[in-house]
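Single-structure report; data block below.
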Amino acid sequence: FSDFVVSRIFWKTFLYFFLSATLISFLVFFAASNLLLPGESFFLVIFISGMYDGMREYAKNITIETEVAGGTYWHPGYDSMDPRTFEDSHSIIPNQIKKLIDQKYAFGVLISQASIYPNGRIMPVVMKGITPDQTIVNMPTDVLDQHNDIAIPILIGSGMAKNANLKVGDSFTIRWLDADRTYDADEGTVIHIMETENFKLDLGHIWIPLSKAQSMLAMKNQATYVTYAKDLEAIKDIEDWIHHDVDYMIRDMEAMIKADEPGAQVMYSILLALAAMGIFNAQILSIFRRGKEIGTLMALGMTRSRVVWLFTLEGGLNALLAGIMTLILFGPVLFYFGKNGIPLPMDYSEMGMLVAKRLIPIYSFSLIISTTILISIIVLVVSYIPSRKITKMKPTDALRGRAAV
């Protein structure tokens, strides 16, 4: 389902810009439409690739800022995608990692499943205990340390508040299973509703102070994972705990993008084939209409190879001209969306996707250079293929206008 949503995002946007670019090309430069085909291909390949890179970079930056920072150390039994592992994925924090926590370079998180009963309803949630005074990730956890008079102070996200119909000051019963496999319950109160772009910290989550969670679950000095600050080297002696970096934490988004890339590559091939067809047709027409000119050049002593090179070079110059026209026509469009982003029609976080509400494409230097080289090579090849027909022409026939290509 997530792969379908990714495709929907990209291909709806792609079709819109493809149709717009084609309409502008035929209206403004109808006479030179063959020259604009390589330019349109260049524009759309850069634009769609920029969207992929923008989505990937957004997911990475948000994950770093709100969840991962420099990296994480996980309990060996913990799997963030499998709630069934939460009950058993906790232990005493290894000494080397504990030293980082004592120096305020890291903080622990203890995870368990729980149920809440807001307004007479039952909702399963993930209850996470976190160090309130941490400043490593962008979360307002300090509010958890400001309400010592409340039994269980709770921090939730705006999405969770909307789904559970909760607001600041609302109280509800929380039920959990502790380390002794005993169910217990108490009353929690919402003390703050945070706005976060990372749905993994919001939907279906409640946050409480780490010490409170350890006391409730009878797991003193234990944690499920530890997040450490940026620019710190990974610790090697972490016993049986597992180190995960930022790339691992965004693996789900990377997988969805990779799953959609074959479809993009098919579309790139179609666009490049259209560009090649336009240059090929222009070259065929040029050779057919300029038969006498070719015959005259060969009659004056120009070798066939030099004539072929001349027409190949002409095709390359046509592509260069198309590139310049495209830069003038579509360059401002790329610049505008690269700066202001593309507003998406809905919030995809509810579908389990870390996608910005306004997606900003990223046009890397390597992307532009590689695309330019690829299209240039294709244009030169399709310019050379029809030019080889010249080697079969006889100068006398060409001068009489009887040359067949």
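If you're wondering about the labels, chains in the structure tokens are A, B, ... by order shown, residues count from 1 in each chain, ligands from 1 in order shown.
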I want to know what sits within 8 Å of Pro386 (chain A), based on only C-alpha atoms, with residues of the same chain fewer than 2 positions away left out; could you give that as an mmCIF file with all heavy atoms, in the first residue's frame?
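The result, written out as selection12.cif:
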```cif
data_model
loop_
_atom_site.group_PDB
_atom_site.id
_atom_site.type_symbol
_atom_site.label_atom_id
_atom_site.label_comp_id
_atom_site.auth_asym_id
_atom_site.auth_seq_id
_atom_site.Cartn_x
_atom_site.Cartn_y
_atom_site.Cartn_z
ATOM 1 N N PHE A 280 16.549 12.390 -34.401
ATOM 2 C CA PHE A 280 16.688 11.496 -35.550
ATOM 3 C C PHE A 280 15.866 12.003 -36.735
ATOM 4 O O PHE A 280 16.350 12.049 -37.878
ATOM 5 C CB PHE A 280 16.239 10.091 -35.147
ATOM 6 C CG PHE A 280 16.464 9.050 -36.199
ATOM 7 C CD1 PHE A 280 17.674 8.389 -36.297
ATOM 8 C CD2 PHE A 280 15.446 8.713 -37.088
ATOM 9 C CE1 PHE A 280 17.881 7.427 -37.271
ATOM 10 C CE2 PHE A 280 15.641 7.753 -38.064
ATOM 11 C CZ PHE A 280 16.866 7.102 -38.161
ATOM 12 N N GLN A 283 17.449 15.058 -38.284
ATOM 13 C CA GLN A 283 18.622 14.736 -39.095
ATOM 14 C C GLN A 283 18.237 14.114 -40.427
ATOM 15 O O GLN A 283 18.809 14.440 -41.474
ATOM 16 C CB GLN A 283 19.538 13.788 -38.319
ATOM 17 C CG GLN A 283 20.312 14.447 -37.197
ATOM 18 C CD GLN A 283 21.285 15.478 -37.726
ATOM 19 O OE1 GLN A 283 20.941 16.660 -37.820
ATOM 20 N NE2 GLN A 283 22.468 15.054 -38.093
ATOM 21 N N ILE A 284 17.272 13.190 -40.416
ATOM 22 C CA ILE A 284 16.809 12.563 -41.666
ATOM 23 C C ILE A 284 16.273 13.618 -42.628
ATOM 24 O O ILE A 284 16.583 13.637 -43.830
ATOM 25 C CB ILE A 284 15.724 11.512 -41.366
ATOM 26 C CG1 ILE A 284 16.351 10.263 -40.739
ATOM 27 C CG2 ILE A 284 14.959 11.139 -42.623
ATOM 28 C CD1 ILE A 284 17.153 9.422 -41.693
ATOM 29 N N VAL A 382 22.199 9.340 -32.025
ATOM 30 C CA VAL A 382 21.091 9.392 -32.983
ATOM 31 C C VAL A 382 21.341 10.430 -34.074
ATOM 32 O O VAL A 382 20.670 10.405 -35.110
ATOM 33 C CB VAL A 382 19.752 9.678 -32.266
ATOM 34 C CG1 VAL A 382 19.428 8.588 -31.271
ATOM 35 C CG2 VAL A 382 19.775 11.029 -31.576
ATOM 36 N N SER A 383 22.285 11.347 -33.862
ATOM 37 C CA SER A 383 22.668 12.264 -34.933
ATOM 38 C C SER A 383 23.606 11.579 -35.913
ATOM 39 O O SER A 383 23.589 11.867 -37.118
ATOM 40 C CB SER A 383 23.364 13.505 -34.359
ATOM 41 O OG SER A 383 22.491 14.229 -33.523
ATOM 42 N N TYR A 384 24.409 10.654 -35.400
ATOM 43 C CA TYR A 384 25.380 9.970 -36.252
ATOM 44 C C TYR A 384 24.719 8.907 -37.124
ATOM 45 O O TYR A 384 25.085 8.732 -38.285
ATOM 46 C CB TYR A 384 26.459 9.326 -35.383
ATOM 47 C CG TYR A 384 27.370 8.406 -36.134
ATOM 48 C CD1 TYR A 384 28.348 8.904 -36.994
ATOM 49 C CD2 TYR A 384 27.256 7.024 -35.996
ATOM 50 C CE1 TYR A 384 29.180 8.055 -37.692
ATOM 51 C CE2 TYR A 384 28.086 6.169 -36.689
ATOM 52 C CZ TYR A 384 29.045 6.685 -37.532
ATOM 53 O OH TYR A 384 29.878 5.842 -38.231
ATOM 54 N N ARG A 388 25.159 8.439 -41.416
ATOM 55 C CA ARG A 388 25.897 7.389 -42.122
ATOM 56 C C ARG A 388 25.327 7.136 -43.517
ATOM 57 O O ARG A 388 26.015 6.582 -44.384
ATOM 58 C CB ARG A 388 25.844 6.093 -41.320
ATOM 59 C CG ARG A 388 26.662 6.117 -40.024
ATOM 60 C CD ARG A 388 26.664 4.749 -39.389
ATOM 61 N NE ARG A 388 25.296 4.247 -39.217
ATOM 62 C CZ ARG A 388 25.008 2.988 -38.884
ATOM 63 N NH1 ARG A 388 25.982 2.127 -38.695
ATOM 64 N NH2 ARG A 388 23.756 2.610 -38.747
ATOM 65 N N LYS A 389 24.080 7.532 -43.706
ATOM 66 C CA LYS A 389 23.479 7.365 -45.030
ATOM 67 C C LYS A 389 24.267 8.119 -46.102
ATOM 68 O O LYS A 389 24.211 7.784 -47.287
ATOM 69 C CB LYS A 389 22.032 7.874 -45.014
ATOM 70 C CG LYS A 389 21.108 7.133 -44.051
ATOM 71 C CD LYS A 389 20.761 5.756 -44.558
ATOM 72 C CE LYS A 389 19.734 5.084 -43.667
ATOM 73 N NZ LYS A 389 19.367 3.740 -44.159
#
```
Practice prompt. Assign secondary structure with DSSP using the backbone only, and return the residues of region 153-304 of chain A in helix (DSSP H, G or I) as a ChimeraX atom specification.
Written response: /A:158-164,199-201,210-217,246-249,251-289,291-299,304
Take the selection from the previous step and output its residues with C-alpha atoms, as a PDB file, in the first residue's frame.
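Full text of again_32.pdb as output:
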```
ATOM      1  CA  SER A 158      -1.034  16.516  17.623  1.00  0.00           C
ATOM      2  CA  GLY A 159      -1.970  13.503  15.486  1.00  0.00           C
ATOM      3  CA  MET A 160      -2.495  11.337  18.562  1.00  0.00           C
ATOM      4  CA  ALA A 161      -4.505  14.104  20.204  1.00  0.00           C
ATOM      5  CA  LYS A 162      -6.735  14.332  17.156  1.00  0.00           C
ATOM      6  CA  ASN A 163      -7.283  10.575  16.873  1.00  0.00           C
ATOM      7  CA  ALA A 164      -8.019  10.162  20.594  1.00  0.00           C
ATOM      8  CA  PHE A 199       4.702  10.592  12.723  1.00  0.00           C
ATOM      9  CA  LYS A 200       6.689   7.762  14.367  1.00  0.00           C
ATOM     10  CA  LEU A 201       6.845   9.871  17.527  1.00  0.00           C
ATOM     11  CA  LEU A 210      11.856   7.578  32.028  1.00  0.00           C
ATOM     12  CA  SER A 211      12.075   7.206  35.815  1.00  0.00           C
ATOM     13  CA  LYS A 212       8.278   6.949  35.994  1.00  0.00           C
ATOM     14  CA  ALA A 213       8.222   4.277  33.279  1.00  0.00           C
ATOM     15  CA  GLN A 214      10.958   2.266  35.012  1.00  0.00           C
ATOM     16  CA  SER A 215       9.022   2.410  38.271  1.00  0.00           C
ATOM     17  CA  MET A 216       5.689   1.478  36.679  1.00  0.00           C
ATOM     18  CA  LEU A 217       7.166  -1.465  34.754  1.00  0.00           C
ATOM     19  CA  VAL A 246      20.830   7.018  10.510  1.00  0.00           C
ATOM     20  CA  ASP A 247      20.752   5.067   7.230  1.00  0.00           C
ATOM     21  CA  TYR A 248      19.339   2.047   9.058  1.00  0.00           C
ATOM     22  CA  MET A 249      16.636   4.141  10.678  1.00  0.00           C
ATOM     23  CA  ARG A 251      15.514   1.997   5.651  1.00  0.00           C
ATOM     24  CA  ASP A 252      11.732   1.812   5.245  1.00  0.00           C
ATOM     25  CA  MET A 253      11.664   5.022   3.203  1.00  0.00           C
ATOM     26  CA  GLU A 254      14.676   3.895   1.166  1.00  0.00           C
ATOM     27  CA  ALA A 255      12.926   0.600   0.430  1.00  0.00           C
ATOM     28  CA  MET A 256       9.756   2.334  -0.786  1.00  0.00           C
ATOM     29  CA  ILE A 257      11.744   4.672  -3.028  1.00  0.00           C
ATOM     30  CA  LYS A 258      13.761   1.789  -4.478  1.00  0.00           C
ATOM     31  CA  ALA A 259      10.546  -0.137  -5.104  1.00  0.00           C
ATOM     32  CA  ASP A 260       9.201   2.776  -7.145  1.00  0.00           C
ATOM     33  CA  GLU A 261      12.421   3.546  -9.053  1.00  0.00           C
ATOM     34  CA  PRO A 262      11.945   0.833 -11.755  1.00  0.00           C
ATOM     35  CA  GLY A 263       8.747   2.579 -12.829  1.00  0.00           C
ATOM     36  CA  ALA A 264      10.615   5.879 -12.968  1.00  0.00           C
ATOM     37  CA  GLN A 265      13.356   4.303 -15.058  1.00  0.00           C
ATOM     38  CA  VAL A 266      10.766   3.070 -17.566  1.00  0.00           C
ATOM     39  CA  MET A 267       9.415   6.608 -17.832  1.00  0.00           C
ATOM     40  CA  TYR A 268      12.942   7.991 -18.231  1.00  0.00           C
ATOM     41  CA  SER A 269      13.500   5.538 -21.097  1.00  0.00           C
ATOM     42  CA  ILE A 270      10.316   6.696 -22.823  1.00  0.00           C
ATOM     43  CA  LEU A 271      11.326  10.337 -22.458  1.00  0.00           C
ATOM     44  CA  LEU A 272      14.825   9.685 -23.780  1.00  0.00           C
ATOM     45  CA  ALA A 273      13.366   7.665 -26.686  1.00  0.00           C
ATOM     46  CA  LEU A 274      11.137  10.628 -27.578  1.00  0.00           C
ATOM     47  CA  ALA A 275      14.133  12.954 -27.470  1.00  0.00           C
ATOM     48  CA  ALA A 276      16.167  10.608 -29.647  1.00  0.00           C
ATOM     49  CA  MET A 277      13.282  10.305 -32.098  1.00  0.00           C
ATOM     50  CA  GLY A 278      13.028  14.085 -32.456  1.00  0.00           C
ATOM     51  CA  ILE A 279      16.738  14.509 -33.241  1.00  0.00           C
ATOM     52  CA  PHE A 280      16.688  11.496 -35.550  1.00  0.00           C
ATOM     53  CA  ASN A 281      13.756  12.892 -37.562  1.00  0.00           C
ATOM     54  CA  ALA A 282      15.418  16.303 -37.759  1.00  0.00           C
ATOM     55  CA  GLN A 283      18.622  14.736 -39.095  1.00  0.00           C
ATOM     56  CA  ILE A 284      16.809  12.563 -41.666  1.00  0.00           C
ATOM     57  CA  LEU A 285      14.879  15.583 -42.927  1.00  0.00           C
ATOM     58  CA  SER A 286      18.036  17.686 -43.026  1.00  0.00           C
ATOM     59  CA  ILE A 287      19.945  15.128 -45.091  1.00  0.00           C
ATOM     60  CA  PHE A 288      17.003  14.579 -47.438  1.00  0.00           C
ATOM     61  CA  ARG A 289      16.443  18.300 -48.072  1.00  0.00           C
ATOM     62  CA  GLY A 291      21.147  16.431 -50.909  1.00  0.00           C
ATOM     63  CA  LYS A 292      22.568  18.909 -53.425  1.00  0.00           C
ATOM     64  CA  GLU A 293      24.590  20.622 -50.701  1.00  0.00           C
ATOM     65  CA  ILE A 294      26.069  17.279 -49.663  1.00  0.00           C
ATOM     66  CA  GLY A 295      26.843  16.377 -53.274  1.00  0.00           C
ATOM     67  CA  THR A 296      28.530  19.739 -53.819  1.00  0.00           C
ATOM     68  CA  LEU A 297      30.710  19.297 -50.717  1.00  0.00           C
ATOM     69  CA  MET A 298      31.819  15.843 -51.838  1.00  0.00           C
ATOM     70  CA  ALA A 299      32.381  17.039 -55.419  1.00  0.00           C
ATOM     71  CA  ARG A 304      32.606  11.317 -46.742  1.00  0.00           C
TER      72      ARG A 304
END
```
Practice prompt. Determine, counting only C-alpha atoms, which protein, DNA and RNA residues have an atom within 6 Å of an atom of region 226-232 of chain A; residues of the same chain fewer than 3 positions away are not included. Present the result as a PyMOL selection string.
Written response: chain A and resi 69-73+105-108+136
Worksheet entry | Atom pair CA of Ile375 (chain A) / CA of Gly338 (chain A): separation (Å) |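 It comes out at 22.0 Å.
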Mind checking which residues fall within 12 Å of Ile369 (chain A), counting only C-alpha atoms, ignoring those fewer than 6 positions away in the same chain, and posting them as a PDB file with N, CA, C and O atoms, in the first residue's frame?
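Generated file (part.pdb):
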```pdb
ATOM      1  N   PHE A  42      15.213  16.273 -20.463  1.00  0.00           N
ATOM      2  CA  PHE A  42      16.184  16.703 -19.455  1.00  0.00           C
ATOM      3  C   PHE A  42      15.459  17.304 -18.246  1.00  0.00           C
ATOM      4  O   PHE A  42      15.766  16.983 -17.098  1.00  0.00           O
ATOM      5  N   ILE A  46      15.371  15.478 -14.482  1.00  0.00           N
ATOM      6  CA  ILE A  46      15.925  16.226 -13.351  1.00  0.00           C
ATOM      7  C   ILE A  46      14.848  16.457 -12.294  1.00  0.00           C
ATOM      8  O   ILE A  46      15.088  16.291 -11.083  1.00  0.00           O
ATOM      9  N   TYR A 363      18.170  19.212  -6.383  1.00  0.00           N
ATOM     10  CA  TYR A 363      18.883  18.984  -7.632  1.00  0.00           C
ATOM     11  C   TYR A 363      20.386  18.979  -7.337  1.00  0.00           C
ATOM     12  O   TYR A 363      21.006  20.033  -7.254  1.00  0.00           O
ATOM     13  N   ILE A 375      22.117  12.396 -21.819  1.00  0.00           N
ATOM     14  CA  ILE A 375      21.319  12.914 -22.934  1.00  0.00           C
ATOM     15  C   ILE A 375      22.219  13.354 -24.080  1.00  0.00           C
ATOM     16  O   ILE A 375      21.889  13.161 -25.263  1.00  0.00           O
ATOM     17  N   SER A 376      23.389  13.914 -23.789  1.00  0.00           N
ATOM     18  CA  SER A 376      24.324  14.341 -24.838  1.00  0.00           C
ATOM     19  C   SER A 376      24.809  13.145 -25.644  1.00  0.00           C
ATOM     20  O   SER A 376      24.902  13.208 -26.880  1.00  0.00           O
TER      21      SER A 376
END
```
Worksheet item: What's the 12 Å shell around Ile62 (chain A), counting only C-alpha atoms, without same-chain residues fewer than 2 positions away, as number ranges by chain?
Response: A: 55-60, 64-69, 137-139, 196-201, 246, 249-250, 354-356
For the selection just defined, write its residues with C-alpha atoms to a file, as a tab-separated table (two decimals), in the first residue's frame.
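Once everything was written out, this is again_4.tsv:
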```
chain	number	residue	atom	x	y	z
A	55	MET	CA	11.88	12.86	-0.19
A	56	ARG	CA	14.96	10.87	0.85
A	57	GLU	CA	16.72	13.93	2.29
A	58	TYR	CA	13.61	15.09	4.14
A	59	ALA	CA	13.13	11.68	5.77
A	60	LYS	CA	16.78	11.60	6.77
A	64	ILE	CA	18.09	12.86	12.67
A	65	GLU	CA	16.50	15.90	14.29
A	66	THR	CA	13.67	14.17	16.14
A	67	GLU	CA	14.67	10.56	16.67
A	68	VAL	CA	18.21	9.41	15.90
A	69	ALA	CA	20.65	12.33	16.29
A	137	VAL	CA	16.64	15.40	19.78
A	138	ASN	CA	14.05	18.02	18.95
A	139	MET	CA	11.26	17.07	21.34
A	196	THR	CA	6.21	17.13	15.13
A	197	GLU	CA	6.79	16.18	11.51
A	198	ASN	CA	7.86	12.67	12.50
A	199	PHE	CA	4.70	10.59	12.72
A	200	LYS	CA	6.69	7.76	14.37
A	201	LEU	CA	6.85	9.87	17.53
A	246	VAL	CA	20.83	7.02	10.51
A	249	MET	CA	16.64	4.14	10.68
A	250	ILE	CA	15.30	5.39	7.33
A	354	LEU	CA	7.54	10.27	6.34
A	355	VAL	CA	6.65	12.71	3.55
A	356	ALA	CA	6.64	16.49	3.86
```
Item to complete: Go through A:Pro361, A:Gly204, A:Gly315, A:Gly77 and flag the residue nearest Met123 (chain A), using only C-alpha atoms for the distances.
Response: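 That would be A:Gly204, the residue with the smallest distance to Met123 (chain A).
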Item to complete: Would you mind telling me which residue in A:Pro132, A:His205, A:Trp74, A:Gly54 lies nearest to Lys104 (chain A) when using only C-alpha atoms?
Response: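 Result for the nearest residue to Lys104 (chain A): A:Pro132.
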Discussion item. Based on the backbone DSSP call, show me all residues of region 206-314 of chain A assigned strand (DSSP E or B), as a ChimeraX atom specification.
Written reply: /A:206-209,222-223,225-228,242-244
Item to complete: Choose the residue, out of A:Gln96, A:Asn340, A:Ser305, A:Ser115, that has the smallest atom-to-atom separation from Ile362 (chain A); count only C-alpha atoms.
Response: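 Of A:Gln96, A:Asn340, A:Ser305, A:Ser115, the one nearest Ile362 (chain A), counting only C-alpha atoms, is A:Asn340.
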Fill in: Selection: 12 Å around Met219 (chain A), only C-alpha atoms, excl. self and same-chain fewer than 3 positions, as a PyMOL selection string
chain A and resi 87-93+109-112+129+177-181+210-216+222-224
Discussion item. Between CA of Leu310 (chain A) and CA of Thr326 (chain A), what is the distance in Å, rounded to a tenth?
Written reply: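 Separation between CA of Leu310 (chain A) and CA of Thr326 (chain A): 24.2 Å.
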Worksheet item: So which residues touch Arg358 (chain A) within 7 Å, counting only C-alpha atoms, skipping near sequence neighbours fewer than 6 positions away, as a ChimeraX atom specification?
Response: /A:341-344
Practice prompt. Check the smallest atom-to-atom distance from each of A:Lys99, A:Asp149, A:Tyr52, A:Gly157 to Asp202 (chain A) using only C-alpha atoms, then report the winner.
Written response: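 Between A:Lys99, A:Asp149, A:Tyr52, A:Gly157, the residue approaching Asp202 (chain A) most closely is A:Gly157.
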